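Q: Next up, structure.cif (mmCIF, C-alpha atoms).
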```cif
data_data
loop_
_atom_site.label_atom_id
_atom_site.label_comp_id
_atom_site.auth_asym_id
_atom_site.auth_seq_id
_atom_site.Cartn_x
_atom_site.Cartn_y
_atom_site.Cartn_z
CA MET A 1 -109.01 -14.54 151.55
CA THR A 2 -106.32 -11.85 151.81
CA ILE A 3 -103.04 -12.57 153.59
CA TRP A 4 -101.59 -9.31 154.87
CA HIS A 5 -98.01 -8.70 153.81
CA SER A 6 -95.59 -5.81 153.35
CA GLU A 7 -92.49 -5.07 151.30
CA ARG A 8 -89.60 -2.74 152.01
CA GLY A 9 -86.24 -2.21 150.34
CA ALA A 10 -84.74 -3.67 147.18
CA GLY A 11 -82.42 -6.50 146.28
CA GLU A 12 -82.58 -10.23 146.95
CA PRO A 13 -85.79 -11.19 148.79
CA VAL A 14 -85.77 -11.97 152.52
CA VAL A 15 -88.99 -13.33 154.04
CA LEU A 16 -89.59 -12.86 157.77
CA LEU A 17 -91.91 -15.44 159.36
CA HIS A 18 -93.17 -14.68 162.84
CA SER A 19 -93.68 -16.71 166.00
CA THR A 20 -97.21 -17.68 167.00
CA ALA A 21 -96.61 -15.70 170.20
CA ALA A 22 -96.48 -12.49 168.14
CA ASP A 23 -97.10 -11.30 164.58
CA SER A 24 -95.02 -9.69 161.84
CA GLY A 25 -94.52 -6.66 164.07
CA MET A 26 -91.92 -8.65 166.01
CA TRP A 27 -89.56 -8.04 163.07
CA ASP A 28 -89.83 -4.23 162.92
CA ALA A 29 -86.23 -3.61 164.01
CA GLN A 30 -84.84 -6.30 161.71
CA GLU A 31 -86.95 -5.09 158.79
CA GLU A 32 -85.47 -1.61 159.07
CA ALA A 33 -81.89 -2.93 159.20
CA LEU A 34 -82.30 -5.49 156.40
CA ALA A 35 -84.14 -3.16 154.01
CA ALA A 36 -80.91 -1.27 153.35
CA ARG A 37 -79.61 -4.33 151.46
CA PHE A 38 -82.55 -6.63 150.75
CA ARG A 39 -86.15 -6.72 149.57
CA VAL A 40 -87.78 -7.52 152.92
CA ILE A 41 -91.17 -9.25 152.91
CA LYS A 42 -93.21 -9.68 156.09
CA VAL A 43 -96.33 -11.82 156.33
CA ASP A 44 -99.04 -12.11 158.99
CA PHE A 45 -100.32 -15.68 159.26
CA ARG A 46 -104.08 -16.20 159.52
CA GLY A 47 -105.35 -15.05 162.89
CA TYR A 48 -102.34 -12.81 163.58
CA GLY A 49 -101.72 -9.10 163.12
CA HIS A 50 -103.70 -7.74 160.16
CA THR A 51 -104.82 -11.09 158.70
CA PRO A 52 -108.28 -12.38 159.67
CA TYR A 53 -108.83 -15.89 160.97
CA LYS A 54 -111.05 -17.60 158.42
CA ALA A 55 -110.91 -20.14 155.62
CA ASP A 56 -113.28 -21.87 153.21
CA GLY A 57 -111.57 -25.19 153.90
CA PRO A 58 -108.33 -26.62 155.29
CA TYR A 59 -105.39 -24.27 154.90
CA SER A 60 -101.70 -24.15 155.74
CA ASP A 61 -99.51 -21.19 156.63
CA ALA A 62 -96.86 -22.45 154.21
CA ASP A 63 -99.35 -22.53 151.32
CA ASP A 64 -100.47 -19.01 152.22
CA VAL A 65 -96.86 -17.78 152.11
CA ILE A 66 -96.29 -19.55 148.78
CA GLU A 67 -99.31 -17.75 147.31
CA VAL A 68 -98.00 -14.41 148.56
CA LEU A 69 -94.56 -15.06 147.09
CA THR A 70 -96.07 -16.21 143.79
CA ALA A 71 -98.09 -12.98 143.59
CA LEU A 72 -94.88 -11.03 144.25
CA ASP A 73 -92.99 -13.03 141.57
CA VAL A 74 -90.56 -14.49 144.14
CA ARG A 75 -89.43 -18.02 143.31
CA ARG A 76 -86.76 -18.50 146.00
CA ALA A 77 -85.84 -16.38 148.98
CA ARG A 78 -83.79 -16.16 152.13
CA LEU A 79 -86.14 -17.32 154.88
CA VAL A 80 -86.00 -16.20 158.50
CA GLY A 81 -88.36 -17.93 160.92
CA ALA A 82 -88.93 -17.54 164.64
CA SER A 83 -90.34 -20.50 166.58
CA ALA A 84 -93.37 -21.83 164.64
CA GLY A 85 -92.37 -19.47 161.82
CA GLY A 86 -89.20 -21.55 161.61
CA TRP A 87 -91.29 -24.67 161.03
CA VAL A 88 -93.13 -22.86 158.23
CA ALA A 89 -89.73 -21.91 156.79
CA LEU A 90 -88.71 -25.59 156.84
CA GLN A 91 -91.89 -26.51 154.97
CA LEU A 92 -91.02 -23.92 152.33
CA ALA A 93 -87.41 -25.12 152.22
CA THR A 94 -88.56 -28.72 151.74
CA ALA A 95 -90.54 -27.45 148.74
CA GLY A 96 -87.32 -25.97 147.31
CA LEU A 97 -88.04 -22.29 147.96
CA ALA A 98 -85.10 -21.43 150.26
CA GLU A 99 -81.80 -19.84 149.25
CA ARG A 100 -80.72 -19.66 152.91
CA LEU A 101 -82.38 -20.22 156.26
CA VAL A 102 -82.14 -18.65 159.69
CA LEU A 103 -84.23 -20.50 162.27
CA LEU A 104 -84.58 -18.93 165.71
CA ASN A 105 -85.57 -21.55 168.30
CA PRO A 106 -87.58 -23.69 165.87
CA PRO A 107 -89.82 -26.54 166.99
CA SER A 108 -89.28 -30.02 165.62
CA ASP A 109 -90.90 -33.44 165.28
CA LEU A 110 -89.32 -34.60 168.54
CA GLU A 111 -91.66 -35.99 171.18
CA PRO A 112 -92.98 -33.15 173.38
CA THR A 113 -91.08 -32.94 176.66
CA PRO A 114 -92.71 -32.40 180.09
CA ASP A 115 -91.85 -28.69 180.09
CA LEU A 116 -93.66 -28.19 176.78
CA ARG A 117 -96.70 -30.19 177.88
CA ASP A 118 -96.89 -28.21 181.11
CA TYR A 119 -96.78 -24.97 179.10
CA TRP A 120 -99.51 -26.12 176.71
CA ASN A 121 -101.71 -27.39 179.54
CA GLU A 122 -101.47 -24.17 181.52
CA GLU A 123 -102.13 -22.00 178.47
CA ASN A 124 -105.19 -24.11 177.57
CA ARG A 125 -106.45 -23.97 181.17
CA LEU A 126 -106.25 -20.19 181.24
CA LEU A 127 -107.91 -19.75 177.86
CA GLU A 128 -110.71 -22.19 178.69
CA ALA A 129 -111.31 -20.18 181.87
CA GLY A 130 -111.59 -16.99 179.80
CA ASP A 131 -108.39 -15.57 181.27
CA VAL A 132 -106.84 -14.20 178.07
CA GLN A 133 -104.64 -11.78 180.01
CA GLY A 134 -103.32 -14.62 182.16
CA ALA A 135 -102.46 -16.68 179.08
CA THR A 136 -100.77 -13.64 177.55
CA GLU A 137 -98.69 -13.08 180.68
CA LEU A 138 -97.77 -16.78 180.76
CA ASN A 139 -96.35 -16.57 177.25
CA ALA A 140 -94.40 -13.41 178.01
CA ARG A 141 -92.99 -14.97 181.17
CA LEU A 142 -91.92 -18.24 179.55
CA LEU A 143 -90.89 -17.06 176.09
CA LEU A 144 -89.12 -13.73 176.61
CA GLY A 145 -85.61 -13.90 178.05
CA PRO A 146 -84.22 -11.48 180.65
CA GLU A 147 -82.76 -9.15 178.00
CA ALA A 148 -86.17 -8.02 176.70
CA SER A 149 -86.89 -4.36 177.43
CA PRO A 150 -90.14 -3.37 179.17
CA GLU A 151 -91.32 -1.77 175.92
CA ASN A 152 -90.70 -4.91 173.85
CA ARG A 153 -92.32 -7.02 176.55
CA ARG A 154 -95.44 -4.83 176.26
CA ARG A 155 -95.31 -5.08 172.45
CA MET A 156 -95.05 -8.85 172.53
CA MET A 157 -97.96 -9.10 174.94
CA ALA A 158 -100.12 -6.84 172.77
CA MET A 159 -99.42 -9.00 169.71
CA GLN A 160 -100.10 -12.22 171.62
CA ARG A 161 -103.31 -10.95 173.20
CA HIS A 162 -104.62 -9.75 169.84
CA ALA A 163 -103.97 -13.19 168.32
CA PHE A 164 -105.76 -14.92 171.18
CA GLU A 165 -108.78 -12.63 170.88
CA VAL A 166 -109.07 -13.00 167.10
CA GLN A 167 -108.70 -16.77 167.17
CA LEU A 168 -111.06 -17.33 170.11
CA ALA A 169 -113.73 -15.29 168.32
CA ALA A 170 -113.56 -17.39 165.12
CA ASP A 171 -116.74 -19.31 164.34
CA PRO A 172 -116.23 -21.78 162.85
CA GLU A 173 -112.57 -22.28 163.68
CA PRO A 174 -110.57 -22.92 160.48
CA GLU A 175 -108.89 -26.30 160.01
CA GLN A 176 -105.13 -25.97 159.73
CA THR A 177 -102.83 -28.44 157.99
CA GLU A 178 -99.09 -28.57 157.28
CA ARG A 179 -96.91 -29.31 154.29
CA GLU A 180 -94.23 -31.98 154.49
CA VAL A 181 -90.94 -31.27 156.25
CA SER A 182 -87.89 -33.32 155.25
CA LEU A 183 -84.82 -32.06 157.08
CA PRO A 184 -82.38 -34.24 155.08
CA GLY A 185 -83.96 -32.95 151.86
CA VAL A 186 -83.34 -29.24 152.51
CA ASP A 187 -80.69 -28.06 150.03
CA ALA A 188 -79.93 -24.66 151.57
CA PRO A 189 -77.40 -23.42 154.14
CA ALA A 190 -79.10 -22.98 157.49
CA LEU A 191 -78.20 -21.21 160.72
CA VAL A 192 -80.16 -22.59 163.67
CA VAL A 193 -80.22 -20.47 166.83
CA ALA A 194 -80.86 -21.88 170.31
CA GLY A 195 -81.56 -19.61 173.29
CA GLY A 196 -79.95 -20.48 176.59
CA HIS A 197 -83.03 -19.29 178.52
CA ASP A 198 -85.53 -21.07 176.27
CA LEU A 199 -87.64 -24.08 177.29
CA PRO A 200 -85.67 -27.35 177.15
CA PHE A 201 -87.86 -28.68 174.32
CA PHE A 202 -86.89 -25.84 172.01
CA GLN A 203 -83.21 -26.12 172.91
CA GLU A 204 -83.31 -29.82 172.08
CA SER A 205 -85.24 -29.12 168.90
CA ALA A 206 -82.74 -26.53 167.68
CA ARG A 207 -79.87 -28.98 168.17
CA HIS A 208 -81.82 -31.74 166.44
CA VAL A 209 -82.75 -29.57 163.45
CA ALA A 210 -79.21 -28.24 163.03
CA ALA A 211 -77.77 -31.76 163.10
CA ALA A 212 -80.34 -33.16 160.65
CA LEU A 213 -80.02 -30.40 158.03
CA PRO A 214 -77.29 -31.24 155.49
CA GLN A 215 -75.92 -27.68 155.65
CA GLY A 216 -77.07 -26.84 159.16
CA ARG A 217 -75.02 -24.91 161.71
CA LEU A 218 -75.99 -24.40 165.34
CA LEU A 219 -75.47 -21.11 167.16
CA GLU A 220 -76.22 -21.12 170.90
CA LEU A 221 -76.93 -17.73 172.47
CA PRO A 222 -76.56 -18.02 176.26
CA TRP A 223 -78.37 -14.71 176.86
CA ALA A 224 -81.42 -15.45 174.69
CA GLY A 225 -84.88 -16.70 175.47
CA HIS A 226 -87.36 -17.94 172.87
CA LEU A 227 -87.72 -14.62 171.01
CA PRO A 228 -84.25 -13.08 170.70
CA ALA A 229 -85.39 -10.68 167.97
CA LEU A 230 -87.39 -8.91 170.68
CA GLU A 231 -84.70 -9.29 173.34
CA ARG A 232 -81.58 -7.88 171.68
CA PRO A 233 -83.00 -6.52 168.40
CA GLU A 234 -79.78 -4.83 167.22
CA GLU A 235 -77.71 -7.97 167.82
CA ILE A 236 -80.14 -10.17 165.89
CA SER A 237 -80.27 -7.61 163.05
CA ALA A 238 -76.47 -7.74 162.81
CA LEU A 239 -76.52 -11.54 162.89
CA LEU A 240 -79.05 -11.67 160.04
CA LEU A 241 -77.15 -9.14 157.93
CA ASP A 242 -73.95 -11.13 158.38
CA TYR A 243 -75.42 -14.54 157.59
CA LEU A 244 -77.86 -13.59 154.83
#
```
As structure tokens, please, write out the structure in this file.
A:
Amino acid sequence: MTIWHSERGAGEPVVLLHSTAADSGMWDAQEEALAARFRVIKVDFRGYGHTPYKADGPYSDADDVIEVLTALDVRRARLVGASAGGWVALQLATAGLAERLVLLNPPSDLEPTPDLRDYWNEENRLLEAGDVQGATELNARLLLGPEASPENRRRMMAMQRHAFEVQLAADPEPEQTEREVSLPGVDAPALVVAGGHDLPFFQESARHVAAALPQGRLLELPWAGHLPALERPEEISALLLDYL
């Protein structure tokens, strides 16, 4: 199994972990800005971007990233995660691999709220009906805030649709697992971003994660939706450069 990844720049390593509504291409603008000062590593999780969706047994995205970093001789890194990529970053941080963390609208272990359940149910309904385009448009509508440009909205939808198509075609579907997350056990400074236009579940989760991390700090962005890196790319690049 090959996990697609890329490297750009030199210096201390920064690992960019994408949302499951996109792939590593969501970080293109940030990669370019960060590579002037850091060794930037992007990874496509299984079933996203350039990485196929298959496994010989149970797998976890965190274990895949650890194997990539081991192959690149990276023992600890600055980790940036968007949405589910933030949860992968927390798994890596729990394992002691994080120098610093930036988590953009991460999920959490809080009980799913009605807004999240409604989102999941509608997405599943559309996919079960074979309406991949409808499910793609649902994600763009709910997850991208009003600041996203038409071009970045099209890019996000292309990434999401590709992921849906690859994963729906998998036979058999791989079994996915997770590593442990212990928020009180994370020993790294962490900036947790909450978008003012995001679903209530993710806003609550960001506040919960920031409060539970020993060195957590919450930053609320009133203009942002769930994917601020695709909404105001230059602003998020500047934020990452400043914090990392």
Q: For Val88 of chain A, which residue out of A:Thr70, A:Thr20, A:Asn139, A:Asn124 is the nearest one, using only C-alpha atoms?
A: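 Among A:Thr70, A:Thr20, A:Asn139, A:Asn124, it is A:Thr20 that comes nearest to Val88 of chain A.
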Q: Identify, on the basis of all atoms listed in the file, every residue whose closest approach to Leu199 of chain A does not exceed 12 Å; exclude the query and any residue fewer than 3 positions from it along the same chain; express the result as a count of residues only.
A: 30
Q: Between atom CA of Ala71 of chain A and atom CA of Leu97 of chain A, what is the distance, to one decimal in Å?
A: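 Atom CA of Leu97 of chain A lies 14.4 Å from atom CA of Ala71 of chain A.
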Q: Which one is closest to Arg46 of chain A: A:Asp187, A:Glu151, A:Glu165, A:Asp61? Count all atoms listed in the file.
A: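 Closest to Arg46 of chain A, using all atoms listed in the file: A:Asp61.
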Q: Got a sec: who's within 10 Å of segment 6-16 of chain A, counting all atoms listed in the file, leaving out chain neighbours fewer than 4 positions off, as a ChimeraX atom specification?
A: /A:24,26-27,30-44,65,69,72,74-82,85-86,89,98-102,244
Q: What is the atom CA of Ser60 of chain A-atom CA of Glu178 of chain A distance in Å, reported with one decimal?
A: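 One can read the atom CA of Ser60 of chain A to atom CA of Glu178 of chain A distance as 5.4 Å.
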